[in-house]
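Below is one structure, written out as structure tokens; comments come after it.
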Amino acid sequence: MARRAKIMNLLQNSFFLILSLYRALDIINDKKKVVGAEYDYIIVGGGSAGSVLANRLSENPDNQVLLLEAGSNENKQTDVPANTIGLQMSPLDWAYKTEPQKFACFGLNGQQSRWPRGKVLGGSSVLNTMVFSRGNHKDYDNWARNGAYGWSWKEVFPYFLKSEDNTDINYLKNGYHATGGYQTISSPRFSSPLQAAFLEAGKLFGYPIIDVNGPTQTGFSPGQSFSRKGRRCSTNKAFIRPVQHRPNLDILLFSFVTKIVFGEFKRAVGVTFDRFNHTYFVKARKEIIISAGTINSPQLLMLSGIGPKEDLQRFRIPVISNLPVGLNLQDHIFPLGVDFLINKPISAILPRFFSPKTLLQYYIAGKGLWTLSIGIEGIGFINTKYANPYDDYPDIQYHFLSGGMASDGGKLFLPAAGLKREIYNLYYSPFEYDDAFSIFPVLVHPKSRGYIKLRSANPYEHPIIQPNYLSHPEDILRIVDAMKQGMSLGESLPFQKLGSRHFPTVVPGCGKFPKSSDRYLECVARTLTFTIYHPAGTCKMGAIEDLTTVVDPELRVKGVSGLRVVDASIMPNIVSGNLNAPVIMIAEKAADMIRRNIS
């Protein structure tokens, strides 16, 4: 065991050393670039939305486009899906933390949730778990019904198709997918017997095996991912690399935007940003587009004078437009605790990742364990007893993992999750490197709402992140019911054939309740509360007369001109699934709006 630990520490140190070397090369190359004085469009943030916008807006050679990204570039390490967790808390991660939670996260250090966000060209599409999910059709119809005109499912569906290059002929047959776009979508290139058991168990519980991005969402699926030939296909790889040498597109890395500058009549005229110890001001002839994400976009708006009047005045920031920036924060969360051991040597434990067979499979054929991101082998959208089973609007998304928190011996998952060591030692450590599987029941329609607020007027100080997890009583009811269903799923016949059995240990602090009771599961959910990395909603879109909104349905910031927000922060309500595909869609639609010169 000690020898194995030494080998893992060596591999981990080598991984971070290689990342540092790539970053050093990016600095050398980027210092050679010249900063222009004026552009037609300035895009702040090179993440999933910013990458799409840079591509689409520079298609017209008459448009001079500047893309500003605070982080570095991708590299060979980020290509490997299995490196997902290892990239967290690296120089490619903003490494945010929430405020201590009152109703959740009791088992996390400081009762704070870690919020990884991509500080790299490609943004969080470089760090995420690569799951391709569009959300539910009703999500978008509800947006439109509540004032975000033009955003119904019928109106957004073509923009999902526009970006997509799906490589699975079986999915293409159903009419809900496309080929020829920039963004490659692939079916998994690895599966263990656990995946077959998961899908078969779903059928036993009445859930068909479907395309969850097809005509209906309720059901189970092997999933689809943002991958190309077994490698991660970020928005940088998909949208930026093919066009990065366009003469009308400038891309500046290591460029931290500190303020939006306004001229006469409250028009956004430029931005200031820091780059290699120099401060620059660049003008925008047409528009500035903020695509910095659910945390950074509201922070930048507030630092620039757009936000709640009282909060801005507290930091002596002149108020340009009094808007509810930073409110309406939503996130998808799940509890750990639906964990099972099995008898078969088939799960994604860390030692198997470094066998000669695994290495050869990945580097020669783009197959094998390295193509898995955190071991996800399946997705299931299910109904708790609080959802309408006839409505095709499931309230829980299962992420099925062939492995779990102890599968890596506490080397990566434990620090990334911020779980208290004493809880890990009592609940997980007895099963380090044992074959196991986990079910993550993700709450897709949370009622709890939080906020982002400035901590100070210093742009380099992380803002206050308060998600208020599980503050709404309905959220815990749905999660507990989903956990109970997940327990039954893992104990069903398809998994019993693999020797499945629930972890015999008890989550510390919850032993006063009968195990598997509602009270016990609620305690587990409030103790082992984790984010699935989907913050949204802090620059809410809707009708211009709606006082709760920040941007109108054309994504223009209210009360000013020449400024839009294009990222997950504009979602009025978070969609039912992973966010990367919806953000790409939002950017595709926004690009068309901008090119039509709606102002």
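Within each chain, counting starts at residue 1; across the structure tokens, chains are named A, B, ... in the order shown, with ligands numbered 1 upward in that order.
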
Would you give me, as an MDAnalysis selection string, the residues in region 180-399 of chain A that DSSP reads as alpha helix (DSSP H)? chainID A and resid 193:204 235 293:303 309:314 356:360

Suppose we keep N, CA and C atoms; can you now write the selection as a compact mmCIF listing (two decimals), in the first residue's frame?
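Contents of the output file part.txt:
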# COMPACT_ATOMS: atom_id res chain seq x y z
N PRO A 193 -19.33 -3.99 -17.60
CA PRO A 193 -20.61 -4.67 -17.32
C PRO A 193 -21.52 -3.87 -16.40
N LEU A 194 -20.96 -2.93 -15.67
CA LEU A 194 -21.79 -2.09 -14.80
C LEU A 194 -22.77 -1.24 -15.60
N GLN A 195 -22.34 -0.77 -16.76
CA GLN A 195 -23.25 0.04 -17.57
C GLN A 195 -24.46 -0.77 -18.00
N ALA A 196 -24.23 -2.00 -18.44
CA ALA A 196 -25.34 -2.86 -18.86
C ALA A 196 -26.28 -3.13 -17.69
N ALA A 197 -25.71 -3.31 -16.49
CA ALA A 197 -26.55 -3.54 -15.31
C ALA A 197 -27.39 -2.30 -14.99
N PHE A 198 -26.80 -1.11 -15.12
CA PHE A 198 -27.52 0.13 -14.86
C PHE A 198 -28.70 0.29 -15.82
N LEU A 199 -28.47 0.05 -17.10
CA LEU A 199 -29.54 0.20 -18.08
C LEU A 199 -30.63 -0.85 -17.88
N GLU A 200 -30.22 -2.08 -17.57
CA GLU A 200 -31.20 -3.14 -17.34
C GLU A 200 -32.01 -2.86 -16.08
N ALA A 201 -31.37 -2.35 -15.03
CA ALA A 201 -32.08 -2.00 -13.81
C ALA A 201 -33.11 -0.91 -14.08
N GLY A 202 -32.73 0.06 -14.91
CA GLY A 202 -33.67 1.11 -15.26
C GLY A 202 -34.92 0.55 -15.90
N LYS A 203 -34.75 -0.41 -16.79
CA LYS A 203 -35.91 -1.04 -17.46
C LYS A 203 -36.81 -1.74 -16.45
N LEU A 204 -36.20 -2.39 -15.46
CA LEU A 204 -37.00 -3.07 -14.43
C LEU A 204 -37.85 -2.09 -13.64
N THR A 235 -14.84 23.54 -26.16
CA THR A 235 -15.25 24.55 -27.13
C THR A 235 -14.04 25.24 -27.75
N GLY A 293 -19.08 33.98 -17.34
CA GLY A 293 -19.65 32.93 -16.51
C GLY A 293 -20.50 33.45 -15.37
N THR A 294 -21.17 32.54 -14.71
CA THR A 294 -22.17 32.87 -13.70
C THR A 294 -21.59 33.59 -12.49
N ILE A 295 -20.29 33.45 -12.24
CA ILE A 295 -19.64 34.15 -11.13
C ILE A 295 -18.98 35.43 -11.62
N ASN A 296 -18.13 35.31 -12.63
CA ASN A 296 -17.34 36.46 -13.07
C ASN A 296 -18.15 37.52 -13.80
N SER A 297 -19.18 37.11 -14.54
CA SER A 297 -19.97 38.12 -15.27
C SER A 297 -20.66 39.09 -14.32
N PRO A 298 -21.41 38.60 -13.31
CA PRO A 298 -22.01 39.57 -12.37
C PRO A 298 -20.97 40.36 -11.60
N GLN A 299 -19.85 39.73 -11.25
CA GLN A 299 -18.81 40.47 -10.53
C GLN A 299 -18.30 41.63 -11.37
N LEU A 300 -18.02 41.38 -12.65
CA LEU A 300 -17.52 42.44 -13.53
C LEU A 300 -18.57 43.53 -13.73
N LEU A 301 -19.83 43.15 -13.90
CA LEU A 301 -20.89 44.16 -14.05
C LEU A 301 -20.96 45.04 -12.82
N MET A 302 -20.92 44.43 -11.65
CA MET A 302 -21.03 45.22 -10.41
C MET A 302 -19.81 46.13 -10.22
N LEU A 303 -18.64 45.63 -10.53
CA LEU A 303 -17.43 46.47 -10.43
C LEU A 303 -17.50 47.66 -11.38
N LYS A 309 -28.15 48.93 -6.28
CA LYS A 309 -27.66 50.26 -5.92
C LYS A 309 -27.03 50.28 -4.53
N GLU A 310 -27.68 49.66 -3.55
CA GLU A 310 -27.19 49.71 -2.18
C GLU A 310 -25.83 49.02 -2.06
N ASP A 311 -25.68 47.90 -2.75
CA ASP A 311 -24.42 47.16 -2.68
C ASP A 311 -23.28 47.93 -3.32
N LEU A 312 -23.56 48.57 -4.45
CA LEU A 312 -22.52 49.34 -5.14
C LEU A 312 -22.10 50.55 -4.31
N GLN A 313 -23.07 51.22 -3.72
CA GLN A 313 -22.75 52.41 -2.93
C GLN A 313 -21.92 52.06 -1.70
N ARG A 314 -22.09 50.84 -1.19
CA ARG A 314 -21.31 50.40 -0.03
C ARG A 314 -19.82 50.42 -0.35
N PRO A 356 -0.57 -1.28 -18.43
CA PRO A 356 -0.11 -1.17 -19.83
C PRO A 356 -1.25 -1.28 -20.83
N LYS A 357 -2.22 -2.16 -20.54
CA LYS A 357 -3.36 -2.33 -21.44
C LYS A 357 -4.15 -1.04 -21.58
N THR A 358 -4.40 -0.37 -20.44
CA THR A 358 -5.17 0.87 -20.46
C THR A 358 -4.45 1.96 -21.24
N LEU A 359 -3.14 2.08 -21.03
CA LEU A 359 -2.36 3.09 -21.74
C LEU A 359 -2.38 2.86 -23.25
N LEU A 360 -2.19 1.60 -23.65
CA LEU A 360 -2.19 1.28 -25.08
C LEU A 360 -3.56 1.52 -25.70

Can you pull out the residues contacting Ser402 (chain A)? Cut-off 6 Å, using only C-alpha atoms, and skip same-chain residues under 3 positions away; I want them as a PyMOL selection string. chain A and resi 347-348+375+437

Any chance you could export the current selection's N, CA, C and O atoms as a PDB file, in the first residue's frame?
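Listed below is the output, again_16.pdb:
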ATOM      1  N   SER A 347     -14.702  -2.295 -12.036  1.00  0.00           N
ATOM      2  CA  SER A 347     -14.984  -0.862 -11.900  1.00  0.00           C
ATOM      3  C   SER A 347     -13.729  -0.029 -12.150  1.00  0.00           C
ATOM      4  O   SER A 347     -12.623  -0.552 -12.304  1.00  0.00           O
ATOM      5  N   ALA A 348     -13.919   1.289 -12.168  1.00  0.00           N
ATOM      6  CA  ALA A 348     -12.840   2.217 -12.523  1.00  0.00           C
ATOM      7  C   ALA A 348     -12.056   2.619 -11.279  1.00  0.00           C
ATOM      8  O   ALA A 348     -12.160   3.742 -10.799  1.00  0.00           O
ATOM      9  N   GLY A 375     -15.434   8.434 -14.338  1.00  0.00           N
ATOM     10  CA  GLY A 375     -16.051   7.116 -14.343  1.00  0.00           C
ATOM     11  C   GLY A 375     -17.518   7.097 -14.714  1.00  0.00           C
ATOM     12  O   GLY A 375     -18.201   6.086 -14.486  1.00  0.00           O
ATOM     13  N   PHE A 437     -19.568   0.953  -7.203  1.00  0.00           N
ATOM     14  CA  PHE A 437     -20.239   1.900  -8.093  1.00  0.00           C
ATOM     15  C   PHE A 437     -21.039   2.878  -7.250  1.00  0.00           C
ATOM     16  O   PHE A 437     -21.341   2.616  -6.080  1.00  0.00           O
TER      17      PHE A 437
END

My list of candidates is A:Gln244, A:Gln397, A:Asn73, A:Ser163. Which is closest to Ile479 (chain A) when distances are computed with only C-alpha atoms?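 Among the listed residues, A:Gln397 lies closest to Ile479 (chain A).
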
Got a sec: who's within 12 Å of Ile532 (chain A), counting only C-alpha atoms, leaving out chain neighbours fewer than 5 positions off, as a PyMOL selection string? chain A and resi 113-117+127-131+330-336+374+397-399+417+440-444+577-579

With only C-alpha atoms as the counted atoms, please give the residues lying no more than 10 Å from region 236-242 of chain A, apart from itself and same-chain residues fewer than 2 positions off, as number ranges by chain. A: 46-48, 50-56, 73-74, 79, 120-123, 125-126, 163, 165, 181-184, 226-228, 232-234, 244-246, 249, 251

When you draw a straight line from CA of Asn277 (chain A) to CA of Glu461 (chain A), how long is it in Å?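 Computing it gives 17.0 Å between the two atoms.
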
Report, in Å to a single decimal, how far apart CA of Asp274 (chain A) and CA of Ile85 (chain A) are.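 Result for CA of Ile85 (chain A) versus CA of Asp274 (chain A): 29.2 Å, one decimal.
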
Rounded to one decimal in Å, what is the spacing between CA of Gly118 (chain A) and CA of Asp93 (chain A)?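 Straight-line distance from CA of Gly118 (chain A) to CA of Asp93 (chain A) works out to 4.9 Å.
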
Per-residue DSSP, region 355-592 of chain A, filtered to strand (DSSP E), as a ChimeraX atom specification: /A:376-382,396-401,436-443,451-453,464-466,501-502,529-531,563-565

Mind checking which residues fall within 12 Å of region 13-17 of chain A, counting only C-alpha atoms, ignoring those fewer than 3 positions away in the same chain, and posting them as a list in words?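 Once the nearby chain positions are removed, what remains is Lys6, Ile7, Met8, Asn9, Leu10, Ser20, Leu21, Tyr22, Arg23, Ala24, Asn75, Lys76, Gln77, Thr78, Val80, Asn83, Ile85, Gly86, Leu87, Gln88, Met89, Ser90, Pro91, Leu92 and Lys411 of chain A.
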
Go ahead and write the residues just picked, N, CA, C and O atoms, as a short mmCIF file (atom, residue, chain, number, x, y, z; two decimals), in the first residue's frame.
data_model
loop_
_atom_site.label_atom_id
_atom_site.label_comp_id
_atom_site.auth_asym_id
_atom_site.auth_seq_id
_atom_site.Cartn_x
_atom_site.Cartn_y
_atom_site.Cartn_z
N LYS A 6 3.28 5.99 -2.95
CA LYS A 6 4.43 6.71 -3.48
C LYS A 6 4.32 6.89 -4.99
O LYS A 6 4.62 7.95 -5.53
N ILE A 7 3.89 5.84 -5.68
CA ILE A 7 3.74 5.90 -7.14
C ILE A 7 2.68 6.93 -7.51
O ILE A 7 2.87 7.75 -8.43
N MET A 8 1.55 6.94 -6.77
CA MET A 8 0.47 7.88 -7.08
C MET A 8 0.92 9.32 -6.82
O MET A 8 0.59 10.23 -7.58
N ASN A 9 1.67 9.55 -5.75
CA ASN A 9 2.18 10.89 -5.47
C ASN A 9 3.14 11.36 -6.57
O ASN A 9 3.12 12.53 -6.97
N LEU A 10 3.96 10.44 -7.05
CA LEU A 10 4.89 10.76 -8.13
C LEU A 10 4.14 11.14 -9.40
O LEU A 10 4.47 12.14 -10.06
N SER A 20 2.44 23.03 -15.49
CA SER A 20 3.21 24.27 -15.29
C SER A 20 4.11 24.57 -16.48
O SER A 20 4.26 25.73 -16.88
N LEU A 21 4.69 23.53 -17.07
CA LEU A 21 5.55 23.73 -18.24
C LEU A 21 4.74 24.23 -19.43
O LEU A 21 5.17 25.13 -20.15
N TYR A 22 3.55 23.64 -19.63
CA TYR A 22 2.68 24.12 -20.72
C TYR A 22 2.30 25.58 -20.49
O TYR A 22 2.27 26.38 -21.44
N ARG A 23 1.98 25.92 -19.25
CA ARG A 23 1.60 27.30 -18.93
C ARG A 23 2.75 28.25 -19.21
O ARG A 23 2.55 29.35 -19.76
N ALA A 24 3.97 27.85 -18.88
CA ALA A 24 5.14 28.69 -19.13
C ALA A 24 5.33 28.94 -20.63
O ALA A 24 5.65 30.06 -21.05
N ASN A 75 -3.88 21.89 -23.32
CA ASN A 75 -2.67 21.14 -23.64
C ASN A 75 -2.99 19.65 -23.71
O ASN A 75 -4.16 19.25 -23.59
N LYS A 76 -1.99 18.83 -23.87
CA LYS A 76 -2.21 17.38 -24.00
C LYS A 76 -2.80 16.78 -22.73
O LYS A 76 -3.51 15.77 -22.79
N GLN A 77 -2.53 17.39 -21.59
CA GLN A 77 -3.08 16.88 -20.33
C GLN A 77 -4.59 17.08 -20.26
O GLN A 77 -5.31 16.22 -19.75
N THR A 78 -5.07 18.20 -20.75
CA THR A 78 -6.51 18.46 -20.69
C THR A 78 -7.28 17.63 -21.70
O THR A 78 -8.50 17.50 -21.59
N VAL A 80 -7.15 14.48 -21.99
CA VAL A 80 -7.46 13.17 -21.42
C VAL A 80 -8.69 13.29 -20.51
O VAL A 80 -8.63 13.94 -19.46
N ASN A 83 -8.48 12.91 -16.71
CA ASN A 83 -7.78 13.92 -15.91
C ASN A 83 -8.72 14.97 -15.30
O ASN A 83 -8.26 15.92 -14.68
N ILE A 85 -10.77 15.40 -12.71
CA ILE A 85 -10.64 15.78 -11.30
C ILE A 85 -9.26 16.37 -11.02
O ILE A 85 -9.12 17.33 -10.25
N GLY A 86 -8.22 15.83 -11.68
CA GLY A 86 -6.87 16.34 -11.47
C GLY A 86 -6.68 17.78 -11.89
O GLY A 86 -5.78 18.47 -11.40
N LEU A 87 -7.53 18.26 -12.81
CA LEU A 87 -7.42 19.65 -13.28
C LEU A 87 -7.98 20.64 -12.27
O LEU A 87 -7.67 21.83 -12.34
N GLN A 88 -8.80 20.15 -11.35
CA GLN A 88 -9.34 21.04 -10.33
C GLN A 88 -8.24 21.44 -9.35
O GLN A 88 -7.37 20.65 -9.02
N MET A 89 -8.29 22.68 -8.93
CA MET A 89 -7.30 23.29 -8.03
C MET A 89 -5.92 23.41 -8.69
O MET A 89 -4.91 23.61 -8.01
N SER A 90 -5.88 23.27 -10.01
CA SER A 90 -4.66 23.52 -10.77
C SER A 90 -4.69 24.97 -11.25
O SER A 90 -5.67 25.69 -11.03
N PRO A 91 -3.65 25.45 -11.93
CA PRO A 91 -3.68 26.82 -12.46
C PRO A 91 -4.79 27.05 -13.49
O PRO A 91 -5.07 28.20 -13.85
N LEU A 92 -5.45 25.98 -13.95
CA LEU A 92 -6.54 26.12 -14.91
C LEU A 92 -7.90 26.32 -14.25
O LEU A 92 -8.91 26.38 -14.92
N LYS A 411 -6.81 10.09 -3.23
CA LYS A 411 -5.76 10.94 -3.82
C LYS A 411 -6.31 12.16 -4.55
O LYS A 411 -5.74 13.24 -4.48
#

Show which residues sit within 7 Å of Val257 (chain A), as a JSON list (two decimals) with all heavy atoms, in the first residue's frame. Count only C-alpha atoms, and ignore same-chain residues fewer than 4 positions away.
[["chain", "number", "residue", "atom", "x", "y", "z"],
["A", 271, "VAL", "N", -13.08, 48.43, -22.48],
["A", 271, "VAL", "CA", -12.76, 47.71, -21.25],
["A", 271, "VAL", "C", -11.32, 48.00, -20.85],
["A", 271, "VAL", "O", -10.46, 48.30, -21.68],
["A", 271, "VAL", "CB", -12.94, 46.19, -21.41],
["A", 271, "VAL", "CG1", -14.37, 45.83, -21.77],
["A", 271, "VAL", "CG2", -11.97, 45.61, -22.44],
["A", 272, "THR", "N", -11.08, 47.91, -19.55],
["A", 272, "THR", "CA", -9.70, 47.93, -19.05],
["A", 272, "THR", "C", -9.35, 46.52, -18.61],
["A", 272, "THR", "O", -10.19, 45.80, -18.04],
["A", 272, "THR", "CB", -9.52, 48.90, -17.88],
["A", 272, "THR", "OG1", -10.38, 48.51, -16.81],
["A", 272, "THR", "CG2", -9.85, 50.32, -18.30],
["A", 273, "PHE", "N", -8.11, 46.12, -18.87],
["A", 273, "PHE", "CA", -7.68, 44.80, -18.44],
["A", 273, "PHE", "C", -6.19, 44.80, -18.12],
["A", 273, "PHE", "O", -5.43, 45.61, -18.65],
["A", 273, "PHE", "CB", -8.01, 43.73, -19.49],
["A", 273, "PHE", "CG", -7.35, 43.90, -20.82],
["A", 273, "PHE", "CD1", -6.16, 43.24, -21.13],
["A", 273, "PHE", "CD2", -7.92, 44.71, -21.80],
["A", 273, "PHE", "CE1", -5.56, 43.38, -22.37],
["A", 273, "PHE", "CE2", -7.32, 44.85, -23.05],
["A", 273, "PHE", "CZ", -6.14, 44.19, -23.34],
["A", 274, "ASP", "N", -5.83, 43.90, -17.22],
["A", 274, "ASP", "CA", -4.44, 43.73, -16.81],
["A", 274, "ASP", "C", -3.84, 42.54, -17.55],
["A", 274, "ASP", "O", -4.48, 41.49, -17.67],
["A", 274, "ASP", "CB", -4.35, 43.49, -15.30],
["A", 274, "ASP", "CG", -4.83, 44.68, -14.49],
["A", 274, "ASP", "OD1", -4.82, 45.81, -15.04],
["A", 274, "ASP", "OD2", -5.22, 44.48, -13.33]]

Taking into account only C-alpha atoms, which residue in the set A:Arg556, A:His502, A:Arg596, A:Arg449 is nearest to Pro535 (chain A)?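 Result for the nearest residue to Pro535 (chain A): A:Arg449.
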
Would you mind listing what lies within 7 Å of Asp408 (chain A) as a list in words, with only C-alpha atoms counted and same-chain residues fewer than 5 positions away left out? Ile349, Leu350, Glu432 and Tyr433 of chain A

Would you mind telling me which residue in A:Asp62, A:Ala268, A:Gly404, A:Ser186 lies nearest to Glu287 (chain A) when using only C-alpha atoms? A:Ala268
